[in-house]
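Undergrad: File model.cif below, mmCIF, C-alpha atoms and all ligand atoms:
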data_work
loop_
_atom_site.label_atom_id
_atom_site.label_comp_id
_atom_site.auth_asym_id
_atom_site.auth_seq_id
_atom_site.Cartn_x
_atom_site.Cartn_y
_atom_site.Cartn_z
CA MET A 1 145.10 5.89 5.26
CA ASN A 2 147.04 8.90 6.44
CA ALA A 3 147.13 9.13 10.20
CA ARG A 4 146.72 12.86 9.93
CA ALA A 5 144.30 14.05 7.34
CA ARG A 6 142.64 17.21 6.27
CA ARG A 7 140.44 18.45 3.52
CA PHE A 8 142.58 21.58 3.30
CA PRO A 9 146.18 22.71 3.73
CA ALA A 10 147.36 23.76 7.15
CA CYS A 11 150.20 25.06 9.25
CA LYS A 12 152.58 22.50 10.64
CA VAL A 13 152.29 21.67 14.30
CA SER A 14 153.86 18.91 16.32
CA PRO A 15 151.34 16.23 17.21
CA VAL A 16 151.27 15.16 20.84
CA PRO A 17 151.41 11.38 21.19
CA VAL A 18 148.21 10.15 22.69
CA VAL A 19 145.62 7.66 23.74
CA ALA A 20 144.91 4.38 21.99
CA PRO A 21 145.31 4.37 18.21
CA THR A 22 142.05 4.37 16.31
CA ARG A 23 140.85 3.63 12.81
CA VAL A 24 139.07 6.35 10.89
CA ALA A 25 136.96 6.71 7.76
CA ALA A 26 135.93 10.18 6.65
CA LEU A 27 133.85 11.28 3.66
CA SER A 28 132.28 14.54 2.60
CA HIS A 29 130.07 15.21 -0.42
CA THR A 30 128.49 18.35 -1.86
CA GLY A 31 125.21 16.48 -2.29
CA SER A 32 122.85 16.55 -5.24
CA VAL A 33 121.54 20.11 -4.93
CA ARG A 34 124.12 22.48 -3.47
CA ARG A 35 126.84 24.00 -5.62
CA SER A 36 129.54 24.06 -2.98
CA ASN A 37 130.48 21.98 0.03
CA GLN A 38 130.42 24.10 3.17
CA ASP A 39 131.24 21.13 5.42
CA ALA A 40 134.79 20.47 6.56
CA TRP A 41 136.51 17.78 8.56
CA SER A 42 139.94 17.42 10.01
CA TYR A 43 141.62 14.95 12.34
CA SER A 44 144.84 13.62 13.80
CA VAL A 45 144.93 9.98 14.85
CA GLU A 46 148.21 10.55 16.74
CA ALA A 47 146.72 13.36 18.75
CA GLY A 48 143.34 11.66 19.11
CA VAL A 49 141.38 14.65 17.81
CA PHE A 50 138.53 14.52 15.28
CA VAL A 51 136.36 17.43 14.15
CA VAL A 52 133.51 18.12 11.72
CA CYS A 53 132.14 21.59 10.94
CA ASP A 54 129.15 22.67 8.85
CA GLY A 55 129.48 26.26 7.69
CA MET A 56 126.93 28.88 6.81
CA GLY A 57 127.16 32.26 5.17
CA GLY A 58 126.78 33.75 1.74
CA ALA A 59 129.40 33.77 -1.04
CA ALA A 60 132.35 31.70 0.17
CA GLY A 61 131.60 32.41 3.82
CA GLY A 62 130.31 28.99 4.84
CA GLU A 63 133.25 27.16 3.31
CA ILE A 64 135.78 29.48 4.92
CA ALA A 65 134.08 29.42 8.32
CA SER A 66 133.94 25.63 8.56
CA ARG A 67 137.48 25.16 7.29
CA THR A 68 138.88 27.86 9.55
CA ALA A 69 137.11 26.57 12.65
CA ALA A 70 138.05 22.92 12.07
CA GLU A 71 141.66 23.85 11.50
CA ALA A 72 141.92 26.16 14.51
CA PHE A 73 140.28 23.62 16.81
CA LEU A 74 142.57 20.80 15.69
CA GLU A 75 145.68 22.95 16.05
CA HIS A 76 144.78 23.99 19.57
CA MET A 77 143.89 20.48 20.70
CA GLU A 78 147.03 18.99 19.18
CA ALA A 79 149.10 21.40 21.19
CA ILE A 80 147.77 20.24 24.56
CA SER A 81 148.39 16.83 26.06
CA PRO A 82 145.44 14.53 26.86
CA GLU A 83 145.58 15.17 30.61
CA LEU A 84 145.15 18.89 29.97
CA ARG A 85 142.09 18.32 27.83
CA THR A 86 139.76 19.32 30.61
CA PRO A 87 136.35 20.78 29.74
CA ARG A 88 137.99 24.17 30.23
CA GLY A 89 140.87 23.26 27.91
CA VAL A 90 138.43 22.09 25.22
CA ALA A 91 136.31 25.22 25.65
CA LYS A 92 139.44 27.31 25.07
CA ALA A 93 140.02 25.54 21.77
CA VAL A 94 136.46 26.32 20.68
CA CYS A 95 136.96 29.96 21.71
CA ALA A 96 140.14 30.04 19.63
CA ALA A 97 138.19 28.70 16.65
CA ASN A 98 135.54 31.35 17.25
CA ARG A 99 138.14 34.11 17.35
CA ARG A 100 139.80 32.93 14.17
CA VAL A 101 136.53 32.83 12.22
CA GLN A 102 135.67 36.31 13.50
CA ALA A 103 139.09 37.61 12.55
CA ARG A 104 138.72 36.23 9.03
CA ALA A 105 135.31 37.91 8.66
CA ALA A 106 136.62 41.23 10.00
CA HIS A 107 139.02 41.55 7.07
CA ASP A 108 136.49 40.89 4.31
CA ALA A 109 133.02 42.46 4.14
CA SER A 110 131.74 39.62 1.94
CA LEU A 111 132.36 37.19 4.81
CA ALA A 112 130.46 39.19 7.45
CA GLY A 113 128.13 37.03 9.51
CA MET A 114 129.65 33.71 8.48
CA GLY A 115 129.62 30.93 11.05
CA THR A 116 129.73 27.20 11.50
CA THR A 117 128.65 24.31 13.66
CA LEU A 118 131.33 22.21 15.33
CA ILE A 119 131.31 18.64 16.60
CA ALA A 120 134.52 17.13 17.90
CA LEU A 121 136.06 14.32 19.94
CA ALA A 122 139.36 14.65 21.77
CA GLY A 123 140.99 11.77 23.62
CA CYS A 124 141.67 12.65 27.25
CA GLY A 125 142.53 9.32 28.84
CA ASP A 126 142.17 5.58 28.49
CA HIS A 127 139.05 5.25 26.32
CA GLU A 128 137.87 8.57 27.68
CA TRP A 129 136.92 11.31 25.25
CA ARG A 130 135.80 14.89 25.49
CA LEU A 131 132.84 15.40 23.22
CA VAL A 132 132.14 19.01 22.32
CA HIS A 133 129.48 20.48 20.09
CA VAL A 134 128.00 23.76 18.95
CA GLY A 135 124.96 23.67 16.65
CA ASP A 136 123.22 20.72 14.98
CA SER A 137 126.09 18.52 13.84
CA ARG A 138 125.88 15.27 15.81
CA CYS A 139 127.76 12.44 17.48
CA TYR A 140 126.42 8.88 17.65
CA ARG A 141 127.88 5.85 19.38
CA TRP A 142 127.44 2.38 17.90
CA ARG A 143 128.00 -0.31 20.51
CA ALA A 144 127.14 -4.01 20.27
CA GLY A 145 124.36 -3.46 17.76
CA THR A 146 122.81 -0.43 19.43
CA LEU A 147 123.01 3.15 18.21
CA SER A 148 122.77 6.01 20.67
CA ARG A 149 122.69 9.69 19.86
CA GLU A 150 125.19 11.42 22.14
CA THR A 151 124.38 15.06 21.41
CA GLU A 152 121.27 17.21 21.51
CA ASP A 153 121.01 19.67 18.62
CA HIS A 154 121.36 23.34 19.44
CA SER A 155 118.49 24.25 17.15
CA LEU A 156 115.11 25.89 17.36
CA VAL A 157 113.18 22.74 16.48
CA ALA A 158 115.17 20.72 19.03
CA GLU A 159 114.13 23.22 21.69
CA GLN A 160 110.53 23.06 20.53
CA LEU A 161 110.72 19.26 20.71
CA ARG A 162 112.14 19.39 24.24
CA MET A 163 109.32 21.73 25.29
CA GLY A 164 106.75 19.43 23.71
CA VAL A 165 105.50 22.17 21.37
CA ILE A 166 106.00 19.97 18.29
CA ASP A 167 106.57 16.27 17.59
CA GLU A 168 109.30 14.54 15.54
CA GLU A 169 107.21 14.54 12.39
CA GLN A 170 106.50 18.26 12.65
CA ALA A 171 110.15 18.92 13.41
CA ALA A 172 111.24 17.16 10.22
CA LEU A 173 108.90 19.35 8.14
CA SER A 174 109.36 22.61 10.03
CA PRO A 175 110.37 25.61 7.91
CA MET A 176 112.52 26.64 10.89
CA ARG A 177 114.58 23.44 10.99
CA ASN A 178 117.61 25.26 9.60
CA ILE A 179 117.78 27.68 12.52
CA ILE A 180 120.52 26.81 14.96
CA THR A 181 120.68 28.44 18.37
CA ARG A 182 124.44 28.22 18.87
CA SER A 183 127.25 28.63 16.35
CA VAL A 184 130.96 29.31 16.04
CA GLY A 185 132.10 32.62 14.56
CA THR A 186 128.88 34.60 14.44
CA ARG A 187 129.34 36.32 17.80
CA ARG A 188 132.18 37.45 20.01
CA SER A 189 131.33 34.71 22.48
CA VAL A 190 130.61 31.04 21.88
CA ASP A 191 128.82 28.55 24.11
CA PRO A 192 130.13 25.00 23.54
CA GLU A 193 128.45 22.02 25.19
CA ILE A 194 131.11 19.66 26.54
CA GLN A 195 130.59 16.10 27.77
CA THR A 196 132.79 13.15 28.63
CA LEU A 197 132.22 10.02 26.60
CA PHE A 198 133.51 6.63 27.71
CA ALA A 199 134.22 4.37 24.75
CA GLU A 200 134.79 0.61 24.82
CA PRO A 201 136.86 -1.50 22.44
CA GLY A 202 134.77 -2.18 19.35
CA ASP A 203 132.68 0.97 19.66
CA VAL A 204 132.23 3.01 16.50
CA LEU A 205 131.74 6.74 16.95
CA LEU A 206 130.10 8.79 14.21
CA LEU A 207 130.53 12.54 13.76
CA CYS A 208 128.30 13.98 11.05
CA SER A 209 126.69 17.08 9.61
CA ASP A 210 122.92 17.49 9.30
CA GLY A 211 123.11 16.62 5.61
CA LEU A 212 123.38 13.00 6.78
CA THR A 213 120.82 13.09 9.58
CA ARG A 214 118.19 14.99 7.56
CA GLU A 215 118.21 12.21 5.00
CA LEU A 216 118.60 9.20 7.28
CA SER A 217 116.70 8.29 10.42
CA ASP A 218 118.57 6.97 13.43
CA GLU A 219 117.19 3.51 12.54
CA GLY A 220 118.52 3.92 9.01
CA ILE A 221 121.98 4.83 10.30
CA ALA A 222 121.94 1.84 12.67
CA ALA A 223 121.01 -0.54 9.85
CA LEU A 224 123.98 0.65 7.79
CA LEU A 225 126.43 0.38 10.69
CA ALA A 226 125.37 -3.20 11.42
CA GLY A 227 127.07 -6.11 9.70
CA SER A 228 130.61 -7.07 8.95
CA LEU A 229 131.62 -4.55 6.30
CA SER A 230 134.82 -2.58 6.81
CA LEU A 231 134.73 0.84 8.43
CA GLU A 232 135.33 2.47 5.03
CA GLU A 233 132.55 0.43 3.41
CA ARG A 234 130.10 1.30 6.14
CA ASN A 235 130.95 4.97 5.85
CA ALA A 236 130.49 4.84 2.07
CA ALA A 237 127.13 3.13 2.61
CA LEU A 238 126.04 5.97 4.91
CA LEU A 239 127.03 8.62 2.38
CA ASN A 240 125.43 6.79 -0.55
CA ALA A 241 122.21 6.25 1.39
CA ALA A 242 122.00 9.97 2.21
CA LEU A 243 122.61 10.80 -1.46
CA GLY A 244 120.02 8.24 -2.51
CA ALA A 245 117.50 9.77 -0.13
CA GLY A 246 117.86 13.14 -1.84
CA GLY A 247 121.24 14.59 -0.88
CA ARG A 248 119.64 17.99 -0.39
CA ASP A 249 122.51 19.33 1.69
CA ASN A 250 126.24 18.77 1.99
CA ILE A 251 126.91 15.41 3.65
CA THR A 252 129.83 14.66 5.95
CA SER A 253 130.37 11.45 7.85
CA LEU A 254 133.39 10.55 9.96
CA LEU A 255 133.60 7.12 11.62
CA ILE A 256 136.07 6.31 14.39
CA GLU A 257 136.60 2.72 15.50
CA ILE A 258 137.87 2.22 19.03
CA PRO A 259 140.46 -0.57 19.15
CA CA A 301 124.29 21.47 6.62
#
Give the structure from the file, written as structure tokens.
TA:
Amino acid sequence: MNARARRFPACKVSPVPVVAPTRVAALSHTGSVRRSNQDAWSYSVEAGVFVVCDGMGGAAGGEIASRTAAEAFLEHMEAISPELRTPRGVAKAVCAANRRVQARAAHDASLAGMGTTLIALAGCGDHEWRLVHVGDSRCYRWRAGTLSRETEDHSLVAEQLRMGVIDEEQAALSPMRNIITRSVGTRRSVDPEIQTLFAEPGDVLLLCSDGLTRELSDEGIAALLAGSLSLEERNAALLNAALGAGGRDNITSLLIEIP
């Protein structure tokens, strides 16, 4: 596998050597219903930066927003060394992504209002990662047979769940489940949530769009990550299971194995 991979062409930047090397498996699929894939992923193993975006917007807007944001975030993170990847440094990269999506939209009326979610990991020390997210794309950590969800969705139903207004079952059926409360590119300002995640050797980290988590429960994801299959095989199993469950949205799944 290429150490540096993208689903789209990009400017050349010099990767900063970083952190412990990791293994990666990334897949994205249009799904069974949608005509285009508005998800995007990008990563650099050398720089220790991994990002998934799920775009929204009419015409080509969603595709351009997710691609633009993923690319801008990766470029900015690659340019700063791990010790400078403070929460502030990571927030700056998200702001840069926000600005670039806005700038793209400003030059083309058909792209007005486009935006994207963003979920990303950036190595910042020995097994220490900055985890940043905007919207309802998620990060999970698989450790010693246990799956934990590391992010809380920035969505209307997630807020209703937190307030106890609805339960999980109602959330899954809610007509408002597509409404996210934070996004990249739709406003002049962006509000990323940034955490520090401590990974251990053997951990598998999953970044994914809601096309995966709408189709698969957390228990379903855990069952597919268990066992002795390779990282690539487990990632393919996740994608195929989401497709088998309906594939009603674009599906993106990126697995990172901590050595
Ligand atoms: Ca989606």
Undergrad: What is the distance, in Å and to one decimal place, between atom CA of Ser81 of chain A and atom CA of Gly123 of chain A?
TA: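 Computed distance, atom CA of Ser81 of chain A to atom CA of Gly123 of chain A, equals 9.3 Å.
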Undergrad: I need the residue nearest ligand CA 301 (chain A) from this list: A:Glu219, A:Glu159, A:Glu71, A:Asp54. Use all atoms listed in the file for the distance.
TA: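 Among the listed residues, A:Asp54 lies closest to ligand CA 301 (chain A).
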Undergrad: Counting all atoms listed in the file, which residues of chain A sit at most 9 Å from some atom of ligand CA 301 (chain A), and what is each one's closest atom pair with its distance in Å to one decimal, listed by chain and rising residue number, as a Markdown table?
TA:
| residue | atom | partner | partner_atom | distance |
| --- | --- | --- | --- | --- |
| A:Gln38 | CA | A:CA301 | CA | 7.5 |
| A:Asp39 | CA | A:CA301 | CA | 7.1 |
| A:Cys53 | CA | A:CA301 | CA | 9.0 |
| A:Asp54 | CA | A:CA301 | CA | 5.5 |
| A:Gly55 | CA | A:CA301 | CA | 7.1 |
| A:Met56 | CA | A:CA301 | CA | 7.9 |
| A:Thr117 | CA | A:CA301 | CA | 8.8 |
| A:Asp136 | CA | A:CA301 | CA | 8.5 |
| A:Ser137 | CA | A:CA301 | CA | 8.0 |
| A:Asn178 | CA | A:CA301 | CA | 8.2 |
| A:Ser209 | CA | A:CA301 | CA | 5.8 |
| A:Asp210 | CA | A:CA301 | CA | 5.0 |
| A:Gly211 | CA | A:CA301 | CA | 5.1 |
| A:Leu212 | CA | A:CA301 | CA | 8.5 |
| A:Arg214 | CA | A:CA301 | CA | 8.9 |
| A:Asp249 | CA | A:CA301 | CA | 5.7 |
| A:Asn250 | CA | A:CA301 | CA | 5.7 |
| A:Ile251 | CA | A:CA301 | CA | 7.2 |
| A:Thr252 | CA | A:CA301 | CA | 8.8 |
Undergrad: If I put a ball of radius 8 Å at (136.2, 31.1, 7.2) in the file's coordinates, which residues poke into it when counting only C-alpha atoms, written as a list in words?
TA: Gly61, Gly62, Glu63, Ile64, Ala65, Ser66, Arg67, Thr68, Ala69, Val101, Arg104, Ala105, Leu111, Met114 and Gly115 of chain A
Undergrad: Neighbours of Ala241 of chain A within 9 Å (all atoms listed in the file; same-chain residues fewer than 4 positions away dropped), as a PyMOL selection string?
TA: chain A and resi 212+215-216+220+224+236-237+245-247
Undergrad: So how far away is atom CA of Gly113 of chain A from atom CA of Met77 of chain A, in Å?
TA: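 Between atom CA of Met77 of chain A and atom CA of Gly113 of chain A the gap works out to 25.4 Å.
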Undergrad: Work out where the centre of an axis-aligned box around every listed atom of segment 126-135 of chain A lies and how long its edges are once 5 Å is added on each side; give both in Å to one decimal as JSON.
TA:
{"center_x": 133.6, "center_y": 14.5, "center_z": 22.6, "size_x": 27.2, "size_y": 28.5, "size_z": 21.8}
Undergrad: With only C-alpha atoms as the atoms that count, which of A:Asp191, A:Ser183, A:Val24, A:Gly31 lies nearest to Asn240 of chain A?
TA: A:Gly31
Undergrad: With only C-alpha atoms as the atoms that count, which of A:Ser253, A:Ser44, A:Leu206, A:His29 lies nearest to Trp142 of chain A?
TA: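 So, comparing all the options, the nearest one is A:Leu206.
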Undergrad: Just how far from atom CA of Leu207 of chain A is atom CA of Gly244 of chain A, in Å to one decimal?
TA: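 That distance, rounded to one decimal, is 19.8 Å.
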Undergrad: Taking all atoms listed in the file into account, which of A:Arg177, A:Lys92, A:Arg34, A:Arg85 comes nearest Glu128 of chain A?
TA: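 The shortest atom-to-atom distance to Glu128 of chain A comes from A:Arg85.
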Undergrad: If we draw a sphere of 9 Å around (141.6, 26.6, 23.4), which residues have at least one atom in it when counting all atoms listed in the file? Please report them as a list in words.
TA: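 Residues with an atom at most 9 Å from (141.6, 26.6, 23.4): Ala72, Phe73, His76, Met77, Ile80, Arg88, Gly89, Val90, Ala91, Lys92, Ala93, Val94, Cys95, Ala96 and Ala97 of chain A.
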Undergrad: Set the distance at 7 Å and use all atoms listed in the file: which residues neighbour Phe50 of chain A once local chain neighbours fewer than 6 positions away are removed? I'd like the list as an MDAnalysis selection string.
TA: chainID A and resid 42:44 120:122
Undergrad: Store the residues picked out above in a file with C-alpha atoms, as a compact mmCIF listing (two decimals), in the coordinates of the input.
TA:
# COMPACT_ATOMS: atom_id res chain seq x y z
CA SER A 42 139.94 17.42 10.01
CA TYR A 43 141.62 14.95 12.34
CA SER A 44 144.84 13.62 13.80
CA ALA A 120 134.52 17.13 17.90
CA LEU A 121 136.06 14.32 19.94
CA ALA A 122 139.36 14.65 21.77
